[in-house]
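So this one's upload35.txt, compact mmCIF, C-alpha atoms:
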```
# COMPACT_ATOMS: atom_id res chain seq x y z
CA MET A 737 -6.40 -15.18 -24.50
CA THR A 738 -2.68 -15.53 -23.78
CA ASN A 739 -1.10 -17.41 -20.90
CA GLY A 740 0.16 -14.09 -19.58
CA THR A 741 -3.37 -12.70 -19.46
CA VAL A 742 -4.67 -15.81 -17.70
CA THR A 743 -1.85 -15.60 -15.15
CA THR A 744 -2.57 -11.91 -14.48
CA GLU A 745 -6.29 -12.56 -14.08
CA LEU A 746 -5.63 -15.47 -11.70
CA ASP A 747 -3.20 -13.39 -9.64
CA SER A 748 -5.82 -10.65 -9.40
CA ALA A 749 -8.60 -13.09 -8.51
CA LEU A 750 -6.51 -14.65 -5.75
CA GLU A 751 -5.14 -11.38 -4.42
CA LYS A 752 -8.56 -9.81 -3.83
CA HIS A 753 -9.18 -12.45 -1.15
CA ARG A 754 -5.98 -11.61 0.78
CA PRO A 755 -7.53 -9.28 3.45
CA GLU A 756 -10.33 -11.64 4.47
CA LEU A 757 -7.99 -14.65 4.41
CA THR A 758 -5.52 -12.73 6.58
CA GLY A 759 -8.31 -12.00 9.06
CA TYR A 760 -9.27 -15.68 9.13
CA CYS A 761 -5.69 -16.90 9.59
CA TYR A 762 -5.03 -14.25 12.23
CA ARG A 763 -8.02 -15.43 14.26
CA MET A 764 -6.84 -19.01 13.87
CA LEU A 765 -3.18 -18.40 14.75
CA GLY A 766 -3.15 -15.34 17.03
CA SER A 767 -0.04 -14.06 15.26
CA SER A 768 0.17 -11.19 12.78
CA PHE A 769 3.24 -12.51 11.01
CA GLU A 770 2.24 -16.18 11.03
CA ALA A 771 -1.14 -15.14 9.57
CA GLU A 772 0.53 -13.33 6.69
CA ASP A 773 2.84 -16.30 6.10
CA ALA A 774 -0.16 -18.65 6.10
CA VAL A 775 -2.02 -16.52 3.56
CA GLN A 776 1.03 -16.32 1.30
CA ASP A 777 1.37 -20.12 1.51
CA THR A 778 -2.37 -20.46 0.74
CA LEU A 779 -2.18 -18.27 -2.35
CA VAL A 780 0.96 -20.02 -3.63
CA ARG A 781 -0.66 -23.43 -3.17
CA ALA A 782 -3.81 -22.20 -4.94
CA TRP A 783 -1.81 -20.78 -7.83
CA ARG A 784 0.17 -23.99 -8.27
CA SER A 785 -2.86 -26.29 -8.14
CA TYR A 786 -5.40 -24.09 -9.88
CA ASP A 787 -5.54 -26.45 -12.86
CA LYS A 788 -6.99 -29.06 -10.46
CA PHE A 789 -9.72 -26.69 -9.22
CA GLU A 790 -12.88 -28.14 -10.71
CA GLY A 791 -15.21 -25.31 -9.77
CA ARG A 792 -17.57 -27.50 -7.72
CA SER A 793 -17.29 -24.84 -4.98
CA SER A 794 -16.59 -21.14 -5.30
CA LEU A 795 -12.99 -19.93 -5.54
CA ARG A 796 -13.49 -18.29 -2.12
CA SER A 797 -14.58 -21.57 -0.48
CA TRP A 798 -11.65 -23.40 -2.09
CA LEU A 799 -9.22 -20.80 -0.75
CA TYR A 800 -10.69 -21.10 2.75
CA ARG A 801 -10.25 -24.87 2.57
CA ILE A 802 -6.57 -24.44 1.70
CA ALA A 803 -6.09 -21.75 4.36
CA THR A 804 -7.74 -23.93 7.00
CA ASN A 805 -5.42 -26.82 6.20
CA VAL A 806 -2.39 -24.51 6.32
CA CYS A 807 -3.45 -23.16 9.73
CA LEU A 808 -4.24 -26.60 11.15
CA ASP A 809 -0.79 -27.79 10.05
CA MET A 810 0.79 -24.78 11.75
CA LEU A 811 -1.17 -25.46 14.94
CA THR A 812 -0.07 -29.08 15.28
CA ALA A 813 2.80 -27.90 17.51
CA GLY A 814 0.13 -27.17 20.12
CA ASN A 815 1.29 -23.65 20.88
CA LYS A 816 -1.45 -21.42 22.31
CA ARG A 817 -0.72 -17.73 22.09
CA ALA A 818 -1.73 -15.83 25.19
CA ARG A 819 -1.81 -12.56 27.05
CA PRO A 820 0.25 -12.14 30.24
CA MET A 821 -2.87 -12.45 32.43
CA ASP A 822 -3.57 -15.84 30.87
CA LEU A 823 -0.25 -17.19 32.16
CA THR A 824 0.49 -15.65 35.56
CA GLU A 825 -1.09 -13.78 38.45
CA ALA A 826 -0.83 -10.00 38.62
CA THR A 827 2.49 -8.79 40.05
CA PRO A 828 2.45 -6.26 42.90
CA LEU A 829 4.43 -3.15 41.99
CA ALA A 830 6.98 -3.81 44.73
CA GLN A 831 7.87 -7.12 43.07
CA ALA A 832 7.75 -5.90 39.46
CA ALA A 833 10.50 -7.35 37.27
CA LEU A 834 10.78 -7.36 33.48
CA SER A 835 11.21 -10.99 32.42
CA PRO A 836 10.75 -11.60 28.68
CA ARG A 837 9.31 -14.75 27.13
CA PRO A 838 9.83 -15.91 23.52
CA ASP A 839 7.85 -14.16 20.77
CA HIS A 840 5.77 -17.27 20.03
CA THR A 841 4.26 -17.05 23.54
CA TRP A 842 2.22 -13.94 22.88
CA LEU A 843 -0.99 -12.98 21.19
CA GLU A 844 0.08 -10.31 18.71
CA PRO A 845 -1.59 -7.05 17.63
CA MET A 846 -2.82 -6.52 14.08
CA PRO A 847 -3.63 -3.34 12.11
CA ASP A 848 -7.34 -3.14 11.29
CA ALA A 849 -6.62 -2.38 7.64
CA ARG A 850 -4.94 -5.77 7.12
CA VAL A 851 -7.77 -7.92 8.44
CA LEU A 852 -11.09 -6.05 8.36
CA PRO A 853 -13.11 -6.21 5.16
CA GLN A 854 -14.32 -3.12 3.36
CA THR A 855 -18.09 -3.27 3.83
CA ALA A 856 -20.99 -0.85 3.73
CA ASP A 857 -22.95 -3.02 6.19
CA PRO A 858 -22.53 -1.55 9.74
CA ALA A 859 -23.60 -4.81 11.39
CA GLU A 860 -21.07 -6.85 9.38
CA ALA A 861 -18.34 -4.32 10.16
CA ALA A 862 -19.15 -4.45 13.89
CA VAL A 863 -18.99 -8.26 13.98
CA ALA A 864 -15.66 -8.22 12.15
CA LYS A 865 -14.19 -5.72 14.65
CA GLU A 866 -15.48 -7.61 17.67
CA SER A 867 -13.94 -10.82 16.35
CA VAL A 868 -10.37 -9.45 16.35
CA ARG A 869 -10.51 -7.70 19.73
CA LEU A 870 -7.89 -8.87 22.17
CA ALA A 871 -10.21 -10.53 24.69
CA PHE A 872 -12.03 -12.51 21.98
CA MET A 873 -8.75 -13.43 20.29
CA ALA A 874 -7.36 -14.66 23.61
CA ALA A 875 -10.47 -16.78 24.16
CA LEU A 876 -10.18 -18.26 20.66
CA GLN A 877 -6.67 -19.44 21.44
CA GLN A 878 -8.04 -21.67 24.21
CA LEU A 879 -10.08 -23.70 21.72
CA PRO A 880 -8.77 -26.84 20.00
CA PRO A 881 -7.82 -25.93 16.41
CA LYS A 882 -10.83 -27.54 14.67
CA GLN A 883 -13.27 -26.03 17.17
CA ARG A 884 -11.59 -22.70 16.53
CA ALA A 885 -12.11 -23.08 12.78
CA VAL A 886 -15.76 -24.07 13.22
CA LEU A 887 -16.51 -21.14 15.51
CA ILE A 888 -14.85 -18.60 13.21
CA LEU A 889 -16.52 -19.94 10.07
CA ARG A 890 -19.97 -20.22 11.65
CA GLU A 891 -20.11 -17.26 14.06
CA VAL A 892 -17.82 -14.69 12.44
CA LEU A 893 -18.09 -15.47 8.73
CA ALA A 894 -21.70 -16.76 8.89
CA TRP A 895 -21.09 -19.93 6.89
CA ARG A 896 -23.83 -22.58 6.97
CA ALA A 897 -23.12 -25.78 8.91
CA SER A 898 -23.25 -27.77 5.67
CA GLU A 899 -20.60 -25.51 4.10
CA VAL A 900 -18.31 -25.90 7.11
CA ALA A 901 -18.82 -29.66 7.11
CA GLU A 902 -17.84 -29.84 3.44
CA LEU A 903 -14.76 -27.66 4.03
CA LEU A 904 -13.57 -29.77 6.98
CA GLY A 905 -14.56 -33.09 5.41
CA THR A 906 -16.89 -33.99 8.27
CA SER A 907 -20.61 -34.20 9.08
CA VAL A 908 -23.07 -31.44 9.92
CA ALA A 909 -23.69 -33.13 13.28
CA SER A 910 -19.96 -33.01 14.03
CA VAL A 911 -19.82 -29.31 13.10
CA ASN A 912 -22.80 -28.49 15.33
CA SER A 913 -21.27 -30.42 18.22
CA ALA A 914 -17.93 -28.62 17.84
CA LEU A 915 -19.71 -25.26 17.71
CA GLN A 916 -21.66 -26.04 20.89
CA ARG A 917 -18.46 -26.98 22.75
CA ALA A 918 -16.66 -23.88 21.47
CA ARG A 919 -19.51 -21.61 22.58
CA ALA A 920 -19.46 -23.19 26.04
CA THR A 921 -15.73 -22.54 26.39
CA LEU A 922 -16.10 -18.92 25.32
CA ALA A 923 -19.06 -18.40 27.68
CA GLU A 924 -16.81 -19.38 30.60
CA ARG A 925 -14.47 -16.54 29.65
CA GLU A 926 -17.07 -13.82 29.08
CA ASP A 927 -16.15 -12.10 32.32
CA ARG A 928 -12.71 -11.38 30.81
CA GLY A 929 -14.12 -9.70 27.68
CA ALA A 930 -13.60 -6.17 29.00
CA ASP A 931 -13.43 -4.63 25.54
CA ALA A 932 -16.93 -5.69 24.49
CA ALA A 933 -18.43 -2.28 25.35
CA VAL A 934 -16.39 -0.35 22.75
CA SER A 935 -18.88 1.07 20.26
CA ASP A 936 -18.33 1.08 16.50
CA PRO A 937 -17.67 3.79 15.59
CA LEU A 938 -16.53 5.31 18.88
CA ASP A 939 -19.21 7.48 20.42
CA GLU A 940 -18.61 11.06 21.56
CA GLU A 941 -17.92 10.04 25.16
CA GLN A 942 -15.32 7.49 24.09
CA GLN A 943 -13.63 10.00 21.74
CA LYS A 944 -13.37 12.50 24.60
CA LEU A 945 -11.97 9.77 26.86
CA LEU A 946 -9.20 9.13 24.33
CA GLU A 947 -8.44 12.86 24.02
CA ARG A 948 -8.12 13.07 27.81
CA TYR A 949 -5.92 9.97 27.79
CA VAL A 950 -3.52 11.46 25.22
CA ALA A 951 -3.29 14.70 27.21
CA ALA A 952 -2.67 12.81 30.47
CA PHE A 953 -0.10 10.43 28.98
CA GLU A 954 1.86 13.02 27.01
CA GLY A 955 1.79 15.32 30.04
CA TYR A 956 2.68 12.34 32.26
CA ASP A 957 -0.03 13.55 34.62
CA MET A 958 -0.65 10.57 36.90
CA THR A 959 -3.55 12.24 38.70
CA ALA A 960 -5.35 12.80 35.40
CA LEU A 961 -4.48 9.28 34.21
CA THR A 962 -5.77 7.72 37.43
CA ALA A 963 -9.12 9.43 36.86
CA LEU A 964 -9.39 7.68 33.46
CA LEU A 965 -8.52 4.15 34.65
CA HIS A 966 -11.14 1.68 35.82
CA GLU A 967 -10.49 0.35 39.32
CA ASP A 968 -9.87 -3.09 37.76
CA ALA A 969 -7.73 -1.78 34.87
CA VAL A 970 -4.82 -3.96 33.76
CA MET A 971 -1.54 -3.09 32.05
CA THR A 972 0.49 -5.60 30.02
CA MET A 973 3.83 -5.28 28.23
CA PRO A 974 4.66 -8.24 25.98
CA PRO A 975 7.28 -9.69 25.55
CA PHE A 976 7.49 -9.30 29.35
CA ASP A 977 5.21 -11.57 31.36
CA LEU A 978 4.69 -8.89 34.01
CA TRP A 979 1.19 -7.46 34.25
CA LEU A 980 -0.19 -4.95 36.69
CA ALA A 981 -3.70 -4.47 38.09
CA GLY A 982 -5.30 -1.30 39.42
CA PRO A 983 -4.54 2.41 38.89
CA ALA A 984 -2.11 2.65 41.83
CA ASP A 985 0.25 -0.04 40.56
CA ILE A 986 -0.06 1.08 36.92
CA THR A 987 0.79 4.73 37.63
CA GLY A 988 3.37 3.65 40.20
CA PHE A 989 5.14 1.61 37.54
CA MET A 990 5.02 4.51 35.10
CA THR A 991 6.77 6.83 37.54
CA THR A 992 9.44 4.29 38.56
CA LEU A 993 10.52 1.59 36.07
CA GLY A 994 8.68 3.42 33.30
CA ALA A 995 9.84 6.94 34.17
CA ALA A 996 11.80 7.31 30.91
CA CYS A 997 8.45 7.56 29.10
CA ALA A 998 7.77 11.03 30.54
CA GLY A 999 7.45 13.53 27.70
CA SER A 1000 6.39 10.89 25.15
CA ARG A 1001 4.28 11.43 22.04
CA LEU A 1002 1.32 9.34 20.86
CA LEU A 1003 0.06 8.85 17.29
CA ARG A 1004 -3.39 7.33 16.74
CA VAL A 1005 -3.54 3.99 14.93
CA GLU A 1006 -6.23 1.31 14.50
CA ALA A 1007 -5.54 -2.15 15.89
CA ASN A 1008 -7.71 -5.14 16.74
CA GLY A 1009 -10.91 -3.17 16.31
CA LEU A 1010 -9.88 -1.06 19.29
CA PRO A 1011 -8.44 2.41 19.94
CA ALA A 1012 -4.66 2.24 19.70
CA PHE A 1013 -1.60 4.49 19.65
CA ALA A 1014 1.98 4.38 18.47
CA HIS A 1015 4.05 5.41 21.48
CA TYR A 1016 7.31 7.32 20.90
CA LYS A 1017 9.47 8.19 23.90
CA PRO A 1018 12.16 10.89 24.09
CA ASP A 1019 15.53 9.92 22.64
CA PRO A 1020 18.13 11.65 24.86
CA GLU A 1021 21.04 10.71 22.58
CA ALA A 1022 19.76 11.47 19.08
CA GLY A 1023 17.05 13.95 20.02
CA GLY A 1024 13.45 13.70 18.91
CA PHE A 1025 11.46 10.60 19.73
CA ALA A 1026 12.18 6.88 19.28
CA PRO A 1027 9.54 4.16 18.88
CA TRP A 1028 8.68 2.40 22.11
CA ALA A 1029 5.35 0.54 21.86
CA VAL A 1030 2.06 0.01 20.13
CA GLN A 1031 -0.56 0.63 22.80
CA VAL A 1032 -3.96 -1.04 22.43
CA LEU A 1033 -6.67 0.22 24.79
CA GLU A 1034 -9.77 -1.53 26.06
CA ILE A 1035 -12.50 0.78 27.33
CA SER A 1036 -15.80 0.16 29.09
CA ASP A 1037 -18.31 2.30 31.00
CA GLY A 1038 -16.38 5.50 30.33
CA ARG A 1039 -13.07 4.21 31.69
CA ILE A 1040 -9.93 2.49 30.39
CA THR A 1041 -10.01 -1.16 31.45
CA GLY A 1042 -7.00 -2.46 29.52
CA PHE A 1043 -3.72 -0.79 28.61
CA HIS A 1044 -1.69 -3.22 26.47
CA CYS A 1045 1.78 -2.17 25.33
CA PHE A 1046 3.45 -4.28 22.64
CA LEU A 1047 7.12 -3.37 22.90
CA ASP A 1048 8.82 -5.13 19.97
CA THR A 1049 8.88 -1.99 17.84
CA LYS A 1050 11.22 -3.40 15.18
CA ARG A 1051 8.37 -5.74 14.26
CA TRP A 1052 5.28 -3.67 15.03
CA PHE A 1053 6.09 -0.23 13.63
CA PRO A 1054 6.79 -1.46 10.06
CA LEU A 1055 3.66 -3.64 10.25
CA PHE A 1056 1.61 -0.53 11.06
CA ASP A 1057 3.46 1.57 8.44
CA LEU A 1058 4.73 3.89 11.17
CA PRO A 1059 7.82 6.13 11.02
CA LEU A 1060 10.80 4.83 12.99
CA ARG A 1061 11.33 8.17 14.69
CA LEU A 1062 9.66 11.53 15.24
CA GLU A 1063 11.59 14.76 15.15
CA ALA A 1064 11.24 17.27 17.96
CA GLU A 1065 9.04 20.23 17.16
CA ALA A 1066 10.68 23.65 16.93
CA ASP A 1067 9.33 24.90 20.27
CA GLU A 1068 10.71 21.77 22.00
CA VAL A 1069 14.23 22.33 20.63
CA GLN A 1070 14.49 25.88 21.95
```

Turn the structure described in the file into structure tokens.
Amino acid sequence: MTNGTVTTELDSALEKHRPELTGYCYRMLGSSFEAEDAVQDTLVRAWRSYDKFEGRSSLRSWLYRIATNVCLDMLTAGNKRARPMDLTEATPLAQAALSPRPDHTWLEPMPDARVLPQTADPAEAAVAKESVRLAFMAALQQLPPKQRAVLILREVLAWRASEVAELLGTSVASVNSALQRARATLAEREDRGADAAVSDPLDEEQQKLLERYVAAFEGYDMTALTALLHEDAVMTMPPFDLWLAGPADITGFMTTLGAACAGSRLLRVEANGLPAFAHYKPDPEAGGFAPWAVQVLEISDGRITGFHCFLDTKRWFPLFDLPLRLEAEADEVQ
């Protein structure tokens, strides 16, 4: 067997772990791009030190050990990514102002295809989706880094306590203690997990809700949209720290500061295990439609409870493999 063949086989063996490692690093870091950087660093480190891999654990376990160390190093700065509602109180519409914060402030969206494993097990698929939903991701970011790693490895990836202890170089008792503390922290935030009621796959009622949402948004019909919003619905727009609560303020914003979005188009995408859309708004100068946001929706009890618009389209649209403009249809040009 030639060196070239060995190299190709090693590349292939490492590469097949990329999606699950990306999901793990994304849960750890809360950032789409930092997660992909962490995985690339993990695979490069593994490739360079493979001759030292003694095979006492599986290749997968070894890669998770490297990835965990990479993520823990990246988290030493102490930055906790968040959603706007984690940082400030809701802003009344009359006081609404668009004040951006740096990119590293925010929990970032992630395409499902980059982080969710291909599995025939419906229960495994459901757990994976729930573990990247925005509310759960935001709760994870409140945990100390090692507690975060323990919770993800034990609760999401179903590792045994002894396996986690070996990976982290600690005791089973320490792992169990960290898991108990992490669970307690997450339990305190359960009331904020509004997206937990999304079924997998979406049931017929939820599909119809999304169809009505698209019709209401593209038609900019605020009466129809109000009927779809839960009374406690929230709207966020990172990188702005503004967030709005309740249908009146949300639709009021859309018809004032957000009025330029009238006549927009939505394309369905999959993000964070939740229904999501690429939002294109009319481009009055060039014609057609320009990218404006990736919308991620939380739904519960037949209503939309969260309406999260990630506005940095130069970053998000390529990540989701989305076109950077839509042309106007023939009947719209006439």

Enclose all atoms of segment 955-961 of chain A listed in the file in an axis-aligned box, grow every side by 6 Å, and hand back centre and edge lengths in Å to one decimal, as lines of an AutoDock Vina configuration file.
```
center_x = -1.3
center_y = 12.3
center_z = 34.4
size_x = 20.0
size_y = 18.0
size_z = 20.7
```

**Request:** Would you mind listing what lies within 10 Å of Leu904 of chain A as a ChimeraX atom specification, with all atoms listed in the file counted and same-chain residues fewer than 2 positions away left out?
**Result:** /A:801,804-805,882,885-886,898-902,906-907,911

**Asked** What is the atom CA of Cys761 of chain A to atom CA of Gln776 of chain A distance in Å?
**Response** 10.7 Å

**Message:** List as a list in words the protein and nucleic acid residues near Leu750 of chain A, meaning an atom at most 10 Å away when only C-alpha atoms are counted, but skip any in the same chain fewer than 6 places from it.
**Reply:**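 The residues satisfying every condition are Thr744, Thr778, Leu779, Val780, Ala782, Trp783, Leu795, Arg796 and Leu799 of chain A.
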
Saved selection, atoms kept: C-alpha atoms, as an mmCIF file, in the coordinates of the input:
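Saved result, out.cif, follows:
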```cif
data_model
loop_
_atom_site.group_PDB
_atom_site.id
_atom_site.type_symbol
_atom_site.label_atom_id
_atom_site.label_comp_id
_atom_site.auth_asym_id
_atom_site.auth_seq_id
_atom_site.Cartn_x
_atom_site.Cartn_y
_atom_site.Cartn_z
ATOM 1 C CA THR A 744 -2.570 -11.910 -14.480
ATOM 2 C CA THR A 778 -2.370 -20.460 0.740
ATOM 3 C CA LEU A 779 -2.180 -18.270 -2.350
ATOM 4 C CA VAL A 780 0.960 -20.020 -3.630
ATOM 5 C CA ALA A 782 -3.810 -22.200 -4.940
ATOM 6 C CA TRP A 783 -1.810 -20.780 -7.830
ATOM 7 C CA LEU A 795 -12.990 -19.930 -5.540
ATOM 8 C CA ARG A 796 -13.490 -18.290 -2.120
ATOM 9 C CA LEU A 799 -9.220 -20.800 -0.750
#
```

**Item:** d(atom CA of Val806 of chain A, atom CA of Glu756 of chain A) in Å
**Value:**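 Between atom CA of Val806 of chain A and atom CA of Glu756 of chain A the gap works out to 15.2 Å.
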
Show me a table, sorted first by chain and then by increasing residue number, of the residues of segment 992-1013 of chain A having an atom at most 9 Å from segment 1055-1059 of chain A, each with its shortest atom pair and the distance in Å to one decimal, counting all atoms listed in the file and written as JSON lines.
```
{"residue": "A:Val1005", "atom": "CA", "partner": "A:Phe1056", "partner_atom": "CA", "distance": 7.9}
{"residue": "A:Glu1006", "atom": "CA", "partner": "A:Phe1056", "partner_atom": "CA", "distance": 8.8}
{"residue": "A:Ala1007", "atom": "CA", "partner": "A:Phe1056", "partner_atom": "CA", "distance": 8.8}
```

Within 9 Å of segment 966-976 of chain A, which residues of segment 744-840 of chain A show up? Give each one with its shortest atom-to-atom distance in Å (one decimal) and the two atoms involved, counting all atoms listed in the file, rows by chain then rising residue number, as CSV.
```
residue,atom,partner,partner_atom,distance
A:Arg819,CA,A:Pro974,CA,7.9
A:Pro820,CA,A:Thr972,CA,6.5
A:Met821,CA,A:Thr972,CA,8.0
A:Ala826,CA,A:Val970,CA,8.7
A:Ala833,CA,A:Phe976,CA,8.7
A:Leu834,CA,A:Phe976,CA,5.6
A:Ser835,CA,A:Phe976,CA,5.1
A:Pro836,CA,A:Phe976,CA,4.0
A:Arg837,CA,A:Pro975,CA,5.7
A:Pro838,CA,A:Pro975,CA,7.0
A:Asp839,CA,A:Pro975,CA,6.6
```

When you look at Glu954 of chain A with a cut-off of 8 Å (counting all atoms listed in the file), what residues show up, excluding the ones that are within fewer than 6 positions of it in the same chain? I need them as a compact mmCIF listing (two decimals) with C-alpha atoms, in the coordinates of the input.
```txt
# COMPACT_ATOMS: atom_id res chain seq x y z
CA ALA A 998 7.77 11.03 30.54
CA GLY A 999 7.45 13.53 27.70
CA SER A 1000 6.39 10.89 25.15
CA ARG A 1001 4.28 11.43 22.04
CA LEU A 1002 1.32 9.34 20.86
```

**Item:** Given all atoms listed in the file as the counted atoms, nearest of A:Glu1063, A:Glu751, A:Glu825, A:Glu844 to Phe769 of chain A
**Value:**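 Closest residue, counting all atoms listed in the file: A:Glu844.
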
For Asn1008 of chain A, work out the shell of residues within 12 Å, counting all atoms listed in the file and skipping chain neighbours fewer than 2 positions away, then give it as a short mmCIF file (atom, residue, chain, number, x, y, z; two decimals) with C-alpha atoms, in the coordinates of the input.
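Just written: out-v9.cif:
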```cif
data_model
loop_
_atom_site.label_atom_id
_atom_site.label_comp_id
_atom_site.auth_asym_id
_atom_site.auth_seq_id
_atom_site.Cartn_x
_atom_site.Cartn_y
_atom_site.Cartn_z
CA GLY A 759 -8.31 -12.00 9.06
CA TYR A 762 -5.03 -14.25 12.23
CA ARG A 763 -8.02 -15.43 14.26
CA GLY A 766 -3.15 -15.34 17.03
CA SER A 767 -0.04 -14.06 15.26
CA SER A 768 0.17 -11.19 12.78
CA LEU A 843 -0.99 -12.98 21.19
CA GLU A 844 0.08 -10.31 18.71
CA PRO A 845 -1.59 -7.05 17.63
CA MET A 846 -2.82 -6.52 14.08
CA PRO A 847 -3.63 -3.34 12.11
CA ASP A 848 -7.34 -3.14 11.29
CA ALA A 849 -6.62 -2.38 7.64
CA ARG A 850 -4.94 -5.77 7.12
CA VAL A 851 -7.77 -7.92 8.44
CA LEU A 852 -11.09 -6.05 8.36
CA ALA A 862 -19.15 -4.45 13.89
CA ALA A 864 -15.66 -8.22 12.15
CA LYS A 865 -14.19 -5.72 14.65
CA GLU A 866 -15.48 -7.61 17.67
CA SER A 867 -13.94 -10.82 16.35
CA VAL A 868 -10.37 -9.45 16.35
CA ARG A 869 -10.51 -7.70 19.73
CA LEU A 870 -7.89 -8.87 22.17
CA ALA A 871 -10.21 -10.53 24.69
CA PHE A 872 -12.03 -12.51 21.98
CA MET A 873 -8.75 -13.43 20.29
CA ALA A 874 -7.36 -14.66 23.61
CA ASP A 931 -13.43 -4.63 25.54
CA VAL A 934 -16.39 -0.35 22.75
CA VAL A 1005 -3.54 3.99 14.93
CA GLU A 1006 -6.23 1.31 14.50
CA LEU A 1010 -9.88 -1.06 19.29
CA PRO A 1011 -8.44 2.41 19.94
CA ALA A 1012 -4.66 2.24 19.70
CA PHE A 1013 -1.60 4.49 19.65
CA VAL A 1030 2.06 0.01 20.13
CA GLN A 1031 -0.56 0.63 22.80
CA VAL A 1032 -3.96 -1.04 22.43
CA LEU A 1033 -6.67 0.22 24.79
CA GLU A 1034 -9.77 -1.53 26.06
CA HIS A 1044 -1.69 -3.22 26.47
CA PHE A 1056 1.61 -0.53 11.06
#
```

**Request:** Grab the atom CA of Leu893 of chain A to atom CA of Ala920 of chain A distance for me, in Å with one decimal place.
**Result:**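 Going from atom CA of Leu893 of chain A over to atom CA of Ala920 of chain A, I get 19.0 Å.
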
Tell me, as a JSON list (two decimals) with C-alpha atoms, keeping the file's coordinate frame, which residues lie within 6 Å of Leu961 of chain A, counting only C-alpha atoms; anything in the same chain fewer than 3 positions away does not count.
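The resulting file, result03.json, is shown below:
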```
[["chain", "number", "residue", "atom", "x", "y", "z"],
["A", 952, "ALA", "CA", -2.67, 12.81, 30.47],
["A", 958, "MET", "CA", -0.65, 10.57, 36.90],
["A", 964, "LEU", "CA", -9.39, 7.68, 33.46]]
```

Any chance you could build segment 1000-1011 of chain A out to N, CA, C and O atoms and write it as a JSON list (two decimals), keeping the file's coordinate frame?
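Output saved as selection_6.json:
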```json
[["chain", "number", "residue", "atom", "x", "y", "z"],
["A", 1000, "SER", "N", 6.59, 11.67, 26.38],
["A", 1000, "SER", "CA", 6.39, 10.89, 25.15],
["A", 1000, "SER", "C", 5.37, 11.54, 24.23],
["A", 1000, "SER", "O", 4.67, 12.49, 24.59],
["A", 1001, "ARG", "N", 5.28, 11.01, 23.02],
["A", 1001, "ARG", "CA", 4.28, 11.43, 22.04],
["A", 1001, "ARG", "C", 3.48, 10.20, 21.58],
["A", 1001, "ARG", "O", 4.03, 9.10, 21.46],
["A", 1002, "LEU", "N", 2.20, 10.40, 21.33],
["A", 1002, "LEU", "CA", 1.32, 9.34, 20.86],
["A", 1002, "LEU", "C", 0.74, 9.69, 19.50],
["A", 1002, "LEU", "O", 0.32, 10.83, 19.28],
["A", 1003, "LEU", "N", 0.73, 8.71, 18.59],
["A", 1003, "LEU", "CA", 0.06, 8.85, 17.29],
["A", 1003, "LEU", "C", -1.06, 7.82, 17.22],
["A", 1003, "LEU", "O", -0.85, 6.65, 17.54],
["A", 1004, "ARG", "N", -2.24, 8.23, 16.80],
["A", 1004, "ARG", "CA", -3.39, 7.33, 16.74],
["A", 1004, "ARG", "C", -3.22, 6.31, 15.61],
["A", 1004, "ARG", "O", -2.83, 6.66, 14.49],
["A", 1005, "VAL", "N", -3.50, 5.05, 15.92],
["A", 1005, "VAL", "CA", -3.54, 3.99, 14.93],
["A", 1005, "VAL", "C", -4.80, 3.15, 15.20],
["A", 1005, "VAL", "O", -5.50, 3.36, 16.20],
["A", 1006, "GLU", "N", -5.08, 2.20, 14.32],
["A", 1006, "GLU", "CA", -6.23, 1.31, 14.50],
["A", 1006, "GLU", "C", -5.71, -0.12, 14.59],
["A", 1006, "GLU", "O", -5.05, -0.60, 13.68],
["A", 1007, "ALA", "N", -6.02, -0.78, 15.70],
["A", 1007, "ALA", "CA", -5.54, -2.15, 15.89],
["A", 1007, "ALA", "C", -6.60, -2.98, 16.58],
["A", 1007, "ALA", "O", -7.23, -2.53, 17.54],
["A", 1008, "ASN", "N", -6.82, -4.18, 16.09],
["A", 1008, "ASN", "CA", -7.71, -5.14, 16.74],
["A", 1008, "ASN", "C", -9.10, -4.60, 17.02],
["A", 1008, "ASN", "O", -9.74, -4.93, 18.02],
["A", 1009, "GLY", "N", -9.58, -3.73, 16.13],
["A", 1009, "GLY", "CA", -10.91, -3.17, 16.31],
["A", 1009, "GLY", "C", -11.04, -2.29, 17.53],
["A", 1009, "GLY", "O", -12.15, -2.00, 17.98],
["A", 1010, "LEU", "N", -9.91, -1.84, 18.05],
["A", 1010, "LEU", "CA", -9.88, -1.06, 19.29],
["A", 1010, "LEU", "C", -9.09, 0.23, 19.10],
["A", 1010, "LEU", "O", -8.27, 0.33, 18.18],
["A", 1011, "PRO", "N", -9.29, 1.22, 19.98],
["A", 1011, "PRO", "CA", -8.44, 2.41, 19.94],
["A", 1011, "PRO", "C", -6.99, 2.02, 20.24],
["A", 1011, "PRO", "O", -6.73, 1.20, 21.13]]
```
